[in-house]
Amino acid sequence: MSRWLFDLGNTRLKIARLGDDGQLLDVNAIAHAGQDFADALARSLDDAHGHAYVASVASAALNQQLREQLIQRFKCISMARSSAGWGSTLRIAYPDPARLGVDRFLAMLGARMLCSQDAVLVVGIGTAVTVDLVDADGRHHGGLIAPSPALMRQSLQQAAAQLPASGGEPRPFADNTADGLASGALFSTIGLIERCQRQASELLQQPARLILHGGGAPPLWSFLPASQHAPSLVLEGLAVWARAGLSSAAATDRIAAC
C-alpha cells in the first residue's frame with residue numbers, strides 16, 4: 001500500500017511520499033494563504049492513494065479542507081498526536097504530552113533518529129520559533145516558543161503602519177529603516193538560539209548539536225555555521241511514526257477505516 005505523509009503547519013502544507021525503503025520522496029510544499037490552496041492541493045494529490053499519515057497544528061478550517069481531499073483518495077487516514085515518549089529514544093518533559101505540539105514532538109523524534117548518540121537542540125523556524133533540548137539519553141528537558149523574525153516584522157507593522165513588514169538586509173548596524181528592521185528581527189532570533197546553546201551546554205555539561213528546520217530557517221544558516229540543516233524534520237519524524245505502524249490510541253487517531 002502506498003504511504004503518504006502530510007505536515008500541515010500554520011503557513012504551509014508539506015507533502016511527501018514514503019518510499020519502500022522508508023525514505024522521503026518528492027517533498028513538496030504548498031502555502032495555504034489565499035483562495036487557491038484547495039486547487040493546488042488537489043493537483044498535488046493526482047496520483048495519491050493508499051494510507052495517509054497526517055500531523056497538523058493548523059486551524060480546524062484548514063484541517064477540514066485537507067480531510068475532505070484525503071477522504072476522496074485514501075483508504076486509511078491516521079492523525080499523529082504527541083505522546084509521552086518513543087521507547088528509550090525519546091521521553092517528553094511535559095506532564096501532559098497532549099499539550100505539546102505534534103510538530104515539536106515529531107521534530108524531536110526525527111532529530112533523535114539523525115543524531116541518536118548526541119544531545120540535540122532542535123530549533124524550528126516557522127510562524128513561531130520553537131526550541132527543544134533533548135539529551136543523549138533521549139530525555140527532553142523542555143523548550144520555549146517565541147515569535148519568528150517574520151512574525152516580529154508583521155507585529156511591528158500592525159502596531160506602526162509606516163514600518164514595512166518585509167524587505168531589508170540584515171547587517172550589524174543598519175543605516176536605514178528596512179535594514180534595521182530585518183537586522184533586529186533576525187538577530188533577535190539568533191541571539192535567542194545562541195543563549196539556548198549556552199544554557200544547554202551548562203545544563204548537560206556538554207554541547208548539544210544544533211538542528212535547524214522549518215521554512216524560515218535558511219536566512220539563519222550563515223549566522224549559525226555549526227548548525228545542521230534538516231528542512232523536512234517534521235516529515236522525517238512522521239516517517240518514523242508511520243514506519244512503526246502505530247495503532248495505539250495514545251499516539252494516533254484514525255479518521256478513515258484502515
# chains A, B, ... in the order shown; residues from 1 in each chain; ligands from 1
call {"tool": "select_by_dssp", "arguments": {"residues": "segment 55-167 of chain A", "states": "alpha helix (DSSP H)", "output": "PDB file with N, CA and C atoms, in the first residue's frame"}}
result
ATOM      1  N   ALA A  60      -8.921  24.490  12.579  1.00  0.00           N
ATOM      2  CA  ALA A  60      -9.957  23.494  12.282  1.00  0.00           C
ATOM      3  C   ALA A  60     -10.414  23.603  10.833  1.00  0.00           C
ATOM      4  N   ALA A  61     -10.511  24.825  10.305  1.00  0.00           N
ATOM      5  CA  ALA A  61     -10.957  25.010   8.927  1.00  0.00           C
ATOM      6  C   ALA A  61      -9.966  24.400   7.934  1.00  0.00           C
ATOM      7  N   LEU A  62      -8.662  24.594   8.156  1.00  0.00           N
ATOM      8  CA  LEU A  62      -7.660  24.010   7.272  1.00  0.00           C
ATOM      9  C   LEU A  62      -7.629  22.502   7.408  1.00  0.00           C
ATOM     10  N   ASN A  63      -7.771  22.005   8.621  1.00  0.00           N
ATOM     11  CA  ASN A  63      -7.834  20.562   8.809  1.00  0.00           C
ATOM     12  C   ASN A  63      -9.001  19.964   8.032  1.00  0.00           C
ATOM     13  N   GLN A  64     -10.122  20.657   8.037  1.00  0.00           N
ATOM     14  CA  GLN A  64     -11.288  20.165   7.322  1.00  0.00           C
ATOM     15  C   GLN A  64     -11.050  20.151   5.812  1.00  0.00           C
ATOM     16  N   GLN A  65     -10.408  21.199   5.288  1.00  0.00           N
ATOM     17  CA  GLN A  65     -10.088  21.215   3.859  1.00  0.00           C
ATOM     18  C   GLN A  65      -9.201  20.039   3.479  1.00  0.00           C
ATOM     19  N   LEU A  66      -8.188  19.796   4.276  1.00  0.00           N
ATOM     20  CA  LEU A  66      -7.291  18.681   3.987  1.00  0.00           C
ATOM     21  C   LEU A  66      -8.021  17.356   4.106  1.00  0.00           C
ATOM     22  N   ARG A  67      -8.816  17.201   5.151  1.00  0.00           N
ATOM     23  CA  ARG A  67      -9.540  15.951   5.367  1.00  0.00           C
ATOM     24  C   ARG A  67     -10.459  15.631   4.192  1.00  0.00           C
ATOM     25  N   GLU A  68     -11.144  16.648   3.662  1.00  0.00           N
ATOM     26  CA  GLU A  68     -12.057  16.419   2.543  1.00  0.00           C
ATOM     27  C   GLU A  68     -11.319  15.901   1.314  1.00  0.00           C
ATOM     28  N   GLN A  69     -10.124  16.427   1.072  1.00  0.00           N
ATOM     29  CA  GLN A  69      -9.330  15.958  -0.059  1.00  0.00           C
ATOM     30  C   GLN A  69      -8.814  14.534   0.169  1.00  0.00           C
ATOM     31  N   LEU A  70      -8.367  14.258   1.379  1.00  0.00           N
ATOM     32  CA  LEU A  70      -7.771  12.958   1.653  1.00  0.00           C
ATOM     33  C   LEU A  70      -8.811  11.841   1.631  1.00  0.00           C
ATOM     34  N   ILE A  71      -9.982  12.101   2.158  1.00  0.00           N
ATOM     35  CA  ILE A  71     -11.014  11.065   2.211  1.00  0.00           C
ATOM     36  C   ILE A  71     -11.400  10.603   0.810  1.00  0.00           C
ATOM     37  N   GLN A  72     -11.280  11.480  -0.176  1.00  0.00           N
ATOM     38  CA  GLN A  72     -11.613  11.111  -1.551  1.00  0.00           C
ATOM     39  C   GLN A  72     -10.596  10.153  -2.157  1.00  0.00           C
ATOM     40  N   ARG A  73      -9.384  10.111  -1.581  1.00  0.00           N
ATOM     41  CA  ARG A  73      -8.292   9.403  -2.249  1.00  0.00           C
ATOM     42  C   ARG A  73      -7.699   8.240  -1.450  1.00  0.00           C
ATOM     43  N   VAL A 102       2.317  18.603  18.086  1.00  0.00           N
ATOM     44  CA  VAL A 102       2.772  17.383  17.425  1.00  0.00           C
ATOM     45  C   VAL A 102       3.949  17.668  16.506  1.00  0.00           C
ATOM     46  N   ASP A 103       4.044  18.898  15.988  1.00  0.00           N
ATOM     47  CA  ASP A 103       5.195  19.242  15.153  1.00  0.00           C
ATOM     48  C   ASP A 103       6.489  19.201  15.949  1.00  0.00           C
ATOM     49  N   ARG A 104       6.445  19.694  17.185  1.00  0.00           N
ATOM     50  CA  ARG A 104       7.640  19.651  18.028  1.00  0.00           C
ATOM     51  C   ARG A 104       7.978  18.200  18.398  1.00  0.00           C
ATOM     52  N   PHE A 105       6.969  17.419  18.729  1.00  0.00           N
ATOM     53  CA  PHE A 105       7.199  16.012  19.074  1.00  0.00           C
ATOM     54  C   PHE A 105       7.872  15.277  17.916  1.00  0.00           C
ATOM     55  N   LEU A 106       7.332  15.434  16.715  1.00  0.00           N
ATOM     56  CA  LEU A 106       7.877  14.715  15.564  1.00  0.00           C
ATOM     57  C   LEU A 106       9.246  15.251  15.163  1.00  0.00           C
ATOM     58  N   ALA A 107       9.469  16.563  15.324  1.00  0.00           N
ATOM     59  CA  ALA A 107      10.792  17.117  15.026  1.00  0.00           C
ATOM     60  C   ALA A 107      11.840  16.533  15.960  1.00  0.00           C
ATOM     61  N   MET A 108      11.510  16.413  17.245  1.00  0.00           N
ATOM     62  CA  MET A 108      12.452  15.797  18.184  1.00  0.00           C
ATOM     63  C   MET A 108      12.692  14.332  17.834  1.00  0.00           C
ATOM     64  N   LEU A 109      11.631  13.631  17.455  1.00  0.00           N
ATOM     65  CA  LEU A 109      11.786  12.226  17.072  1.00  0.00           C
ATOM     66  C   LEU A 109      12.677  12.106  15.841  1.00  0.00           C
ATOM     67  N   GLY A 110      12.448  12.967  14.853  1.00  0.00           N
ATOM     68  CA  GLY A 110      13.308  12.954  13.669  1.00  0.00           C
ATOM     69  C   GLY A 110      14.748  13.292  14.002  1.00  0.00           C
ATOM     70  N   ALA A 111      14.954  14.264  14.894  1.00  0.00           N
ATOM     71  CA  ALA A 111      16.310  14.654  15.285  1.00  0.00           C
ATOM     72  C   ALA A 111      17.027  13.515  15.999  1.00  0.00           C
ATOM     73  N   ARG A 112      16.309  12.803  16.838  1.00  0.00           N
ATOM     74  CA  ARG A 112      16.919  11.677  17.548  1.00  0.00           C
ATOM     75  C   ARG A 112      17.341  10.576  16.574  1.00  0.00           C
ATOM     76  N   MET A 113      16.602  10.402  15.504  1.00  0.00           N
ATOM     77  CA  MET A 113      16.986   9.405  14.509  1.00  0.00           C
ATOM     78  C   MET A 113      18.218   9.856  13.723  1.00  0.00           C
ATOM     79  N   LEU A 114      18.343  11.174  13.529  1.00  0.00           N
ATOM     80  CA  LEU A 114      19.520  11.691  12.836  1.00  0.00           C
ATOM     81  C   LEU A 114      20.766  11.648  13.714  1.00  0.00           C
ATOM     82  N   PRO A 149      11.223  35.713  13.106  1.00  0.00           N
ATOM     83  CA  PRO A 149      11.551  37.018  12.519  1.00  0.00           C
ATOM     84  C   PRO A 149      10.420  37.580  11.656  1.00  0.00           C
ATOM     85  N   ALA A 150       9.779  36.719  10.869  1.00  0.00           N
ATOM     86  CA  ALA A 150       8.675  37.180  10.020  1.00  0.00           C
ATOM     87  C   ALA A 150       7.513  37.696  10.861  1.00  0.00           C
ATOM     88  N   LEU A 151       7.202  36.989  11.935  1.00  0.00           N
ATOM     89  CA  LEU A 151       6.092  37.406  12.787  1.00  0.00           C
ATOM     90  C   LEU A 151       6.432  38.691  13.545  1.00  0.00           C
ATOM     91  N   MET A 152       7.690  38.845  13.947  1.00  0.00           N
ATOM     92  CA  MET A 152       8.106  40.109  14.567  1.00  0.00           C
ATOM     93  C   MET A 152       7.851  41.278  13.623  1.00  0.00           C
ATOM     94  N   ARG A 153       8.239  41.104  12.361  1.00  0.00           N
ATOM     95  CA  ARG A 153       8.041  42.169  11.378  1.00  0.00           C
ATOM     96  C   ARG A 153       6.556  42.463  11.188  1.00  0.00           C
ATOM     97  N   GLN A 154       5.745  41.429  11.093  1.00  0.00           N
ATOM     98  CA  GLN A 154       4.305  41.626  10.904  1.00  0.00           C
ATOM     99  C   GLN A 154       3.684  42.332  12.100  1.00  0.00           C
ATOM    100  N   SER A 155       4.120  41.954  13.301  1.00  0.00           N
ATOM    101  CA  SER A 155       3.572  42.571  14.508  1.00  0.00           C
ATOM    102  C   SER A 155       3.941  44.047  14.596  1.00  0.00           C
ATOM    103  N   LEU A 156       5.180  44.376  14.240  1.00  0.00           N
ATOM    104  CA  LEU A 156       5.587  45.775  14.235  1.00  0.00           C
ATOM    105  C   LEU A 156       4.773  46.583  13.229  1.00  0.00           C
ATOM    106  N   GLN A 157       4.542  46.007  12.060  1.00  0.00           N
ATOM    107  CA  GLN A 157       3.799  46.713  11.032  1.00  0.00           C
ATOM    108  C   GLN A 157       2.345  46.934  11.447  1.00  0.00           C
ATOM    109  N   GLN A 158       1.781  45.987  12.178  1.00  0.00           N
ATOM    110  CA  GLN A 158       0.411  46.145  12.658  1.00  0.00           C
ATOM    111  C   GLN A 158       0.316  47.259  13.702  1.00  0.00           C
ATOM    112  N   ALA A 159       1.348  47.401  14.504  1.00  0.00           N
ATOM    113  CA  ALA A 159       1.349  48.441  15.536  1.00  0.00           C
ATOM    114  C   ALA A 159       1.772  49.806  14.999  1.00  0.00           C
TER     115      ALA A 159
END
call {"tool": "closest_atom_pairs", "arguments": {"of": "segment 107-190 of chain A", "to": "segment 205-210 of chain A", "cutoff": "10 Å", "atoms": "only C-alpha atoms", "output": "Markdown table"}}
result
| residue | atom | partner | partner_atom | distance |
| --- | --- | --- | --- | --- |
| A:Ala111 | CA | A:Arg209 | CA | 9.7 |
| A:Cys115 | CA | A:Arg209 | CA | 8.3 |
| A:Asp118 | CA | A:Arg209 | CA | 6.9 |
| A:Ala119 | CA | A:Ala208 | CA | 4.7 |
| A:Val120 | CA | A:Arg209 | CA | 4.6 |
| A:Leu121 | CA | A:Leu210 | CA | 4.8 |
| A:Val122 | CA | A:Leu210 | CA | 6.2 |
| A:Val123 | CA | A:Leu210 | CA | 7.4 |
| A:Val131 | CA | A:Leu210 | CA | 10.0 |
| A:Leu133 | CA | A:Ala208 | CA | 8.0 |
| A:Val134 | CA | A:Ala208 | CA | 8.3 |
| A:Asp135 | CA | A:Ala208 | CA | 7.6 |
| A:Ala136 | CA | A:Ala208 | CA | 8.7 |
call {"tool": "residues_around", "arguments": {"residues": "Gly142 of chain A", "least_positions_apart": "2", "cutoff": "8 Å", "atoms": "only C-alpha atoms", "output": "PyMOL selection string"}}
result
chain A and resi 92-94+132-134+140+144
call {"tool": "residues_around", "arguments": {"residues": "Ser232 of chain A", "least_positions_apart": "3", "cutoff": "10 Å", "atoms": "only C-alpha atoms", "output": "list in words"}}
result
Asp7, Lys14, Ile15, Ala16, Leu24, Val27, Asn28, Ala107, Gly110, Leu212, His213, Gly214, Gly215, His229, Leu235, Glu236, Gly237 and Leu238 of chain A
call {"tool": "select_by_dssp", "arguments": {"residues": "segment 158-225 of chain A", "states": "strand (DSSP E)", "output": "number ranges by chain"}}
result
A: 209-213
call {"tool": "residues_around", "arguments": {"residues": "segment 216-222 of chain A", "least_positions_apart": "4", "cutoff": "9 Å", "atoms": "only C-alpha atoms", "output": "PyMOL selection string"}}
result
chain A and resi 123-127+148-150+186-187+189-190+212+226-229+231
call {"tool": "atom_distance", "arguments": {"atom1": "atom CA of Gly138 of chain A", "atom2": "atom CA of Ala84 of chain A"}}
result
11.9 Å
call {"tool": "decode", "arguments": {"residues": "segment 9-144 of chain A", "atoms": "C-alpha atoms", "output": "JSON list (two decimals), in the first residue's frame"}}
result
[["chain", "number", "residue", "atom", "x", "y", "z"],
["A", 9, "GLY", "CA", 1.56, 23.89, 9.66],
["A", 10, "ASN", "CA", 0.36, 27.42, 10.26],
["A", 11, "THR", "CA", 1.74, 28.66, 6.94],
["A", 12, "ARG", "CA", 2.34, 25.70, 4.63],
["A", 13, "LEU", "CA", 1.38, 22.12, 3.94],
["A", 14, "LYS", "CA", 4.35, 19.84, 3.26],
["A", 15, "ILE", "CA", 3.70, 16.58, 1.43],
["A", 16, "ALA", "CA", 5.96, 13.60, 0.78],
["A", 17, "ARG", "CA", 5.57, 10.03, -0.33],
["A", 18, "LEU", "CA", 7.20, 7.41, 1.86],
["A", 19, "GLY", "CA", 9.37, 5.09, -0.19],
["A", 20, "ASP", "CA", 9.59, 1.34, 0.27],
["A", 21, "ASP", "CA", 12.97, 1.89, 1.91],
["A", 22, "GLY", "CA", 11.41, 4.25, 4.48],
["A", 23, "GLN", "CA", 12.90, 7.41, 2.93],
["A", 24, "LEU", "CA", 11.04, 10.58, 1.95],
["A", 25, "LEU", "CA", 10.32, 11.00, -1.75],
["A", 26, "ASP", "CA", 9.17, 14.06, -3.71],
["A", 27, "VAL", "CA", 8.83, 16.54, -0.84],
["A", 28, "ASN", "CA", 6.51, 19.39, -1.86],
["A", 29, "ALA", "CA", 5.30, 22.49, 0.00],
["A", 30, "ILE", "CA", 2.07, 24.42, -0.61],
["A", 31, "ALA", "CA", 1.31, 27.77, 1.03],
["A", 32, "HIS", "CA", -2.28, 27.76, 2.26],
["A", 33, "ALA", "CA", -2.86, 31.51, 2.25],
["A", 34, "GLY", "CA", -5.22, 32.69, -0.48],
["A", 35, "GLN", "CA", -8.03, 31.09, -2.42],
["A", 36, "ASP", "CA", -6.14, 28.50, -4.48],
["A", 37, "PHE", "CA", -4.98, 26.20, -1.67],
["A", 38, "ALA", "CA", -7.63, 23.58, -2.38],
["A", 39, "ASP", "CA", -6.82, 23.57, -6.11],
["A", 40, "ALA", "CA", -3.07, 23.34, -5.50],
["A", 41, "LEU", "CA", -3.63, 20.53, -3.03],
["A", 42, "ALA", "CA", -5.84, 18.63, -5.47],
["A", 43, "ARG", "CA", -3.17, 18.91, -8.18],
["A", 44, "SER", "CA", -0.52, 17.60, -5.78],
["A", 45, "LEU", "CA", -2.65, 14.56, -4.98],
["A", 46, "ASP", "CA", -3.49, 13.49, -8.53],
["A", 47, "ASP", "CA", -1.86, 10.06, -8.16],
["A", 48, "ALA", "CA", -2.14, 9.73, -4.36],
["A", 49, "HIS", "CA", -3.79, 6.70, -2.79],
["A", 50, "GLY", "CA", -3.25, 4.13, -0.04],
["A", 51, "HIS", "CA", -2.53, 5.30, 3.52],
["A", 52, "ALA", "CA", -2.20, 8.96, 4.58],
["A", 53, "TYR", "CA", -0.36, 9.96, 7.76],
["A", 54, "VAL", "CA", -1.10, 13.49, 8.95],
["A", 55, "ALA", "CA", 0.49, 15.80, 11.52],
["A", 56, "SER", "CA", -1.30, 19.11, 11.97],
["A", 57, "VAL", "CA", -1.07, 22.22, 14.13],
["A", 58, "ALA", "CA", -3.32, 24.23, 11.82],
["A", 59, "SER", "CA", -6.81, 25.59, 12.30],
["A", 60, "ALA", "CA", -9.96, 23.49, 12.28],
["A", 61, "ALA", "CA", -10.96, 25.01, 8.93],
["A", 62, "LEU", "CA", -7.66, 24.01, 7.27],
["A", 63, "ASN", "CA", -7.83, 20.56, 8.81],
["A", 64, "GLN", "CA", -11.29, 20.17, 7.32],
["A", 65, "GLN", "CA", -10.09, 21.21, 3.86],
["A", 66, "LEU", "CA", -7.29, 18.68, 3.99],
["A", 67, "ARG", "CA", -9.54, 15.95, 5.37],
["A", 68, "GLU", "CA", -12.06, 16.42, 2.54],
["A", 69, "GLN", "CA", -9.33, 15.96, -0.06],
["A", 70, "LEU", "CA", -7.77, 12.96, 1.65],
["A", 71, "ILE", "CA", -11.01, 11.06, 2.21],
["A", 72, "GLN", "CA", -11.61, 11.11, -1.55],
["A", 73, "ARG", "CA", -8.29, 9.40, -2.25],
["A", 74, "PHE", "CA", -7.06, 7.34, 0.70],
["A", 75, "LYS", "CA", -8.42, 4.15, 2.19],
["A", 76, "CYS", "CA", -6.83, 4.91, 5.54],
["A", 77, "ILE", "CA", -6.02, 8.23, 7.23],
["A", 78, "SER", "CA", -4.08, 8.37, 10.50],
["A", 79, "MET", "CA", -3.63, 11.56, 12.55],
["A", 80, "ALA", "CA", -0.44, 11.73, 14.62],
["A", 81, "ARG", "CA", -0.56, 13.01, 18.18],
["A", 82, "SER", "CA", 2.12, 13.76, 20.73],
["A", 83, "SER", "CA", 2.74, 11.04, 23.28],
["A", 84, "ALA", "CA", 4.79, 10.64, 26.45],
["A", 85, "GLY", "CA", 7.69, 9.20, 24.55],
["A", 86, "TRP", "CA", 9.05, 6.79, 22.00],
["A", 87, "GLY", "CA", 10.54, 3.88, 23.89],
["A", 88, "SER", "CA", 14.05, 4.67, 25.04],
["A", 89, "THR", "CA", 14.59, 7.02, 22.09],
["A", 90, "LEU", "CA", 12.58, 9.98, 23.39],
["A", 91, "ARG", "CA", 10.91, 10.86, 26.70],
["A", 92, "ILE", "CA", 8.86, 14.05, 26.76],
["A", 93, "ALA", "CA", 9.18, 16.56, 29.62],
["A", 94, "TYR", "CA", 5.60, 17.83, 29.52],
["A", 95, "PRO", "CA", 3.43, 16.44, 32.35],
["A", 96, "ASP", "CA", 0.57, 16.37, 29.83],
["A", 97, "PRO", "CA", 2.12, 15.37, 26.49],
["A", 98, "ALA", "CA", -1.10, 16.25, 24.64],
["A", 99, "ARG", "CA", -0.23, 19.93, 25.25],
["A", 100, "LEU", "CA", 2.99, 19.60, 23.26],
["A", 101, "GLY", "CA", 2.53, 20.47, 19.60],
["A", 102, "VAL", "CA", 2.77, 17.38, 17.43],
["A", 103, "ASP", "CA", 5.20, 19.24, 15.15],
["A", 104, "ARG", "CA", 7.64, 19.65, 18.03],
["A", 105, "PHE", "CA", 7.20, 16.01, 19.07],
["A", 106, "LEU", "CA", 7.88, 14.71, 15.56],
["A", 107, "ALA", "CA", 10.79, 17.12, 15.03],
["A", 108, "MET", "CA", 12.45, 15.80, 18.18],
["A", 109, "LEU", "CA", 11.79, 12.23, 17.07],
["A", 110, "GLY", "CA", 13.31, 12.95, 13.67],
["A", 111, "ALA", "CA", 16.31, 14.65, 15.28],
["A", 112, "ARG", "CA", 16.92, 11.68, 17.55],
["A", 113, "MET", "CA", 16.99, 9.41, 14.51],
["A", 114, "LEU", "CA", 19.52, 11.69, 12.84],
["A", 115, "CYS", "CA", 21.73, 12.04, 15.94],
["A", 116, "SER", "CA", 20.91, 9.12, 18.22],
["A", 117, "GLN", "CA", 24.18, 9.36, 20.17],
["A", 118, "ASP", "CA", 24.22, 13.11, 20.75],
["A", 119, "ALA", "CA", 22.33, 15.72, 22.69],
["A", 120, "VAL", "CA", 20.34, 17.88, 20.29],
["A", 121, "LEU", "CA", 18.93, 21.40, 20.38],
["A", 122, "VAL", "CA", 16.05, 21.27, 17.91],
["A", 123, "VAL", "CA", 15.05, 24.69, 16.56],
["A", 124, "GLY", "CA", 12.10, 25.19, 14.25],
["A", 125, "ILE", "CA", 11.63, 28.48, 12.41],
["A", 126, "GLY", "CA", 8.10, 28.86, 11.10],
["A", 127, "THR", "CA", 5.32, 31.16, 12.21],
["A", 128, "ALA", "CA", 6.91, 30.77, 15.64],
["A", 129, "VAL", "CA", 10.40, 29.82, 16.79],
["A", 130, "THR", "CA", 10.41, 26.63, 18.85],
["A", 131, "VAL", "CA", 13.42, 25.35, 20.76],
["A", 132, "ASP", "CA", 13.62, 21.91, 22.40],
["A", 133, "LEU", "CA", 16.54, 20.28, 24.20],
["A", 134, "VAL", "CA", 16.95, 16.51, 24.20],
["A", 135, "ASP", "CA", 19.96, 14.90, 25.87],
["A", 136, "ALA", "CA", 21.95, 11.95, 24.52],
["A", 137, "ASP", "CA", 19.79, 9.51, 26.51],
["A", 138, "GLY", "CA", 16.60, 10.77, 24.89],
["A", 139, "ARG", "CA", 15.32, 12.85, 27.79],
["A", 140, "HIS", "CA", 13.51, 16.01, 26.74],
["A", 141, "HIS", "CA", 14.45, 18.86, 29.06],
["A", 142, "GLY", "CA", 11.72, 21.17, 27.78],
["A", 143, "GLY", "CA", 11.79, 24.12, 25.43],
["A", 144, "LEU", "CA", 10.47, 27.53, 24.57]]
